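Participant: So that we are looking at the same thing, I have put the structure below in structure tokens.
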Amino acid sequence: YKHHHQFNLRYIDNMLGDEFVLNDISHEITNVYQPKFAGLGGEHVVYKSPDHPKVVIKVEGALLLRTAEKTLAGQVLQKEEIGQIVSEKTLRHKKIRDLYGAEHVPNQKYYYLKVPVNQRIISELANHFYKGRPISEELRNYQGNELETVVCIQDAIDEFTDPDRISYNTGYAEKVIKNSEIEESEGKITPENLQTIRDAYDHLTSESVLTTDHKNTIELRELSIIYPNLAKLVSKANENDVLKATLADFIIKSINNINIYGEILDTAGSDNIIFSKAKTDNWSYVLADAIYPSAAPAEGRLKQVQSILLKYGHNKTSPLSGEERNDLMNILNHIRSVNIIANSLGLSERVNLLRKGMSLTPEDLLRAI
């Protein structure tokens, strides 16, 4: 499961009505902890417990569906596979916490548990996670009352309640362009506006991911067109030395995360990474839900995206697979964002995407994705 990033983990009690309410299910977990639905994230259904206000309970929704499908097929997840899932998530969390610091990464622990479900919950999970995929009537009408999945117990994030917080999130620049093209064709924006947006995308992309020079200045005006939240963050950092140093710390560690450890953060969704003064009088940041859902391949994310681009570059008429496009879009936007902000802050560190044999333009990236 990878198509996940546009949803955020903020506590939006009324977003989905009563679909994930557990009050009507008799189960040991509901009887003891009385979990209250708090929000739907890209990977998780999130609950709070009235008697445990300092933590949130994050249920792996996609894995829950996978377990339901296996159950319907008369199969079970093997203990070895279960252990591997929990071990991998635990190890990735530890690596991120070691790199960014415990003060920036909330404590969390993973468990493999039987959780209460009903037909309504499974059907709604299928609607959410299986968008664009056929959903069997068997799954939609699932009749069981519990299923096994991974559950994460995480420290509650105070920064979510800060009205002045700034989210480090990119969304997808390529979707900005494609949506703008649709809006122009429908007469919602002018051709001149579309050209301004396209010029900003082309320049930001050329100067941040399609170069090894990294010397040209990137304007805040262009950044605000493609990544408005990041422009707000950089603008604020230019006025506040503490925030500037805090942002530089995050960017340098994120560049090292790619260059040294081969991993990226999930920067596409809102509030996955938050800059805030909620806990102290000084700016800090928290990786609230920033671990990318799938582990990096053995060669790392940088080599992965280079291989995808080389494959596309050799035959630009051959489309990439859906999985390749999704990985390319997430990795590109993450690398583009950290390089742009490194440029804006005057840092020397960069992620160099291009390697020998690559010759690509911003238009090539748009076509590939």
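Each chain in the structure tokens gets a letter, A, B, ..., in the order shown, and its residues are numbered from 1; ligands are numbered from 1 in order too.
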Find the spatial neighbours of Asp266 in chain A, counting only C-alpha atoms, within a cut-off of 8 Å - ignore same-chain residues fewer than 3 positions away - and output them as a short mmCIF file (atom, residue, chain, number, x, y, z; two decimals) with N, CA, C and O atoms, in the first residue's frame.

Facilitator:
```cif
data_model
loop_
_atom_site.label_atom_id
_atom_site.label_comp_id
_atom_site.auth_asym_id
_atom_site.auth_seq_id
_atom_site.Cartn_x
_atom_site.Cartn_y
_atom_site.Cartn_z
N HIS A 5 -0.69 9.85 0.67
CA HIS A 5 -0.08 11.01 1.29
C HIS A 5 -0.95 12.25 1.41
O HIS A 5 -0.63 13.14 2.17
N GLY A 269 1.71 15.10 3.02
CA GLY A 269 0.49 15.34 3.77
C GLY A 269 0.61 16.47 4.76
O GLY A 269 1.68 16.75 5.30
N ASN A 272 2.09 16.38 8.87
CA ASN A 272 2.97 15.25 9.18
C ASN A 272 4.23 15.74 9.89
O ASN A 272 4.80 15.04 10.72
N ASP A 289 3.87 12.45 12.07
CA ASP A 289 3.51 11.22 11.34
C ASP A 289 4.27 11.20 10.03
O ASP A 289 3.69 11.07 8.96
N ALA A 290 5.58 11.32 10.12
CA ALA A 290 6.41 11.61 8.94
C ALA A 290 7.14 10.41 8.38
O ALA A 290 7.82 10.54 7.35
N ILE A 291 7.04 9.25 9.01
CA ILE A 291 7.74 8.07 8.49
C ILE A 291 7.02 7.60 7.22
O ILE A 291 5.83 7.32 7.25
N TYR A 292 7.76 7.52 6.14
CA TYR A 292 7.17 7.09 4.86
C TYR A 292 6.62 5.68 5.02
O TYR A 292 7.29 4.80 5.59
N PRO A 293 5.40 5.42 4.55
CA PRO A 293 4.74 4.14 4.84
C PRO A 293 5.51 2.89 4.46
O PRO A 293 5.48 1.91 5.19
N ASN A 330 6.55 11.18 -4.97
CA ASN A 330 6.84 11.43 -3.57
C ASN A 330 8.31 11.75 -3.34
O ASN A 330 8.65 12.68 -2.59
N HIS A 334 9.94 15.52 -2.23
CA HIS A 334 10.73 15.63 -1.01
C HIS A 334 12.11 16.21 -1.30
O HIS A 334 12.56 17.15 -0.62
#
```

Participant: Neighbours of Asp327 in chain A within 9 Å (only C-alpha atoms; same-chain residues fewer than 5 positions away dropped), as a list in words?

Facilitator: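 Once the adjacent positions are removed, what remains is Lys2, Arg301, Gln304, Val305, Gly322 and Leu332 of chain A.
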
Participant: What lies within 12 Å of Ser136 in chain A using only C-alpha atoms, ignoring chain neighbours under 3 positions off, as JSON, numbers by chain?

Facilitator: {"A": [65, 68, 69, 72, 122, 123, 126, 127, 130, 133, 139, 140, 141, 142]}

Participant: Create the file for the chosen residues now, containing C-alpha atoms and written as an mmCIF file, in the first residue's frame.

Facilitator:
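What follows is the written file out_11.cif:
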```
data_model
loop_
_atom_site.group_PDB
_atom_site.id
_atom_site.type_symbol
_atom_site.label_atom_id
_atom_site.label_comp_id
_atom_site.auth_asym_id
_atom_site.auth_seq_id
_atom_site.Cartn_x
_atom_site.Cartn_y
_atom_site.Cartn_z
ATOM 1 C CA LEU A 65 -8.215 -4.893 5.080
ATOM 2 C CA ALA A 68 -9.954 -9.364 6.236
ATOM 3 C CA GLU A 69 -9.294 -10.542 2.680
ATOM 4 C CA LEU A 72 -12.361 -14.508 3.675
ATOM 5 C CA ILE A 122 -14.559 -2.664 6.846
ATOM 6 C CA SER A 123 -16.729 -1.229 4.079
ATOM 7 C CA ALA A 126 -12.283 -0.303 1.638
ATOM 8 C CA ASN A 127 -13.780 2.913 0.250
ATOM 9 C CA TYR A 130 -9.068 0.957 -2.228
ATOM 10 C CA ARG A 133 -9.901 -0.584 -7.215
ATOM 11 C CA LEU A 139 -15.349 -7.715 1.651
ATOM 12 C CA ARG A 140 -17.931 -4.952 1.606
ATOM 13 C CA ASN A 141 -20.294 -7.146 3.620
ATOM 14 C CA TYR A 142 -17.688 -8.571 5.999
#
```

Participant: Using only C-alpha atoms, which residue out of A:Ile166, A:Ala295, A:Ala231, A:Ala342 lies closest to Ile252 in chain A?

Facilitator: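 Between A:Ile166, A:Ala295, A:Ala231, A:Ala342, the residue approaching Ile252 in chain A most closely is A:Ala342.
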
Participant: Name all residues at most 7 Å from Tyr112 in chain A (count only C-alpha atoms; drop same-chain ones fewer than 6 positions away) and give them as a ChimeraX atom specification.

Facilitator: /A:148-151

Participant: Just C-alpha atoms for this one: save the residues we selected as a tab-separated table (two decimals), in the first residue's frame.

Facilitator:
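The resulting file, again-v7.tsv, is reproduced below:
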```tsv
chain	number	residue	atom	x	y	z
A	148	GLU	CA	-5.61	-8.80	13.60
A	149	THR	CA	-3.56	-5.80	12.57
A	150	VAL	CA	-0.65	-3.65	13.71
A	151	VAL	CA	-1.56	-1.04	16.31
```

Participant: One decimal, Å: what's the distance from CA of Asn256 in chain A over to CA of Lys95 in chain A, could you say?

Facilitator: 12.1 Å

Participant: Applying 12 Å and only C-alpha atoms, which residues near range 208-216 of chain A remain after dropping the ones on its own chain fewer than 5 positions away? List them as a VMD selection string.

Facilitator: chain A and resid 200 to 203 223 302 305 to 306 309 331 to 344 346 to 356 358 to 365

Participant: I'd like the interatomic distance between CA of Ala62 in chain A and CA of Phe129 in chain A, to a tenth of an Å.

Facilitator: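 CA of Phe129 in chain A lies at a distance of 6.4 Å from CA of Ala62 in chain A.
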
Participant: Which of these residues is nearest to Gly42 in chain A, using only C-alpha atoms: A:Ser270, A:Ala248, A:Ile258, A:Gln143?

Facilitator: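 Residue with the minimum atom-to-atom distance to Gly42 in chain A: A:Ser270.
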
Participant: Please return as a ChimeraX atom specification: the residues of range 52-238 of chain A that backbone DSSP assigns to helix (DSSP H, G or I).

Facilitator: /A:61-72,79-100,119-129,137-140,158-161,173-185,191-208,220-226,228-238

Participant: Tell me which of A:Gln78, A:Asn193, A:Gln34, A:Gln84 sits closest to Ile225 in chain A, counting only C-alpha atoms.

Facilitator: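 Closest residue, counting only C-alpha atoms: A:Asn193.
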
Participant: So, counting only C-alpha atoms, which residue among A:Ala102, A:Arg120, A:Ile218, A:Ile197 is closest to Lys178 in chain A?

Facilitator: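 Answer, going by the shortest atom-to-atom distance: A:Ile197.
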
Participant: DSSP on the backbone, strand (DSSP E) only: what residues of range 76-232 of chain A does that give? Format it as a PyMOL selection string.

Facilitator: chain A and resi 108-116+146-155+166-167

Participant: Restricting the calculation to only C-alpha atoms, which member of A:Gly101, A:Leu345, A:Thr71, A:Ile182 is positioned closest to Ser235 in chain A?

Facilitator: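 Among the listed residues, A:Leu345 lies closest to Ser235 in chain A.
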
Participant: Considering only C-alpha atoms, state which residue in the set A:Leu99, A:Ala73, A:Leu113, A:Ile369 is at the smallest distance from Ser254 in chain A.

Facilitator: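 That would be A:Leu99, the residue with the smallest distance to Ser254 in chain A.
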
Participant: What is the CA of Ile226 in chain A-CA of Asp164 in chain A distance in Å, reported with one decimal?

Facilitator: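 Taking CA of Ile226 in chain A and CA of Asp164 in chain A, their separation equals 21.5 Å.
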
Participant: Would you list the contacts of range 281-286 of chain A as a count of residues only, taking every protein, DNA or RNA residue within 8 Å and counting only C-alpha atoms, but skipping same-chain residues closer than 6 positions in sequence?

Facilitator: 12
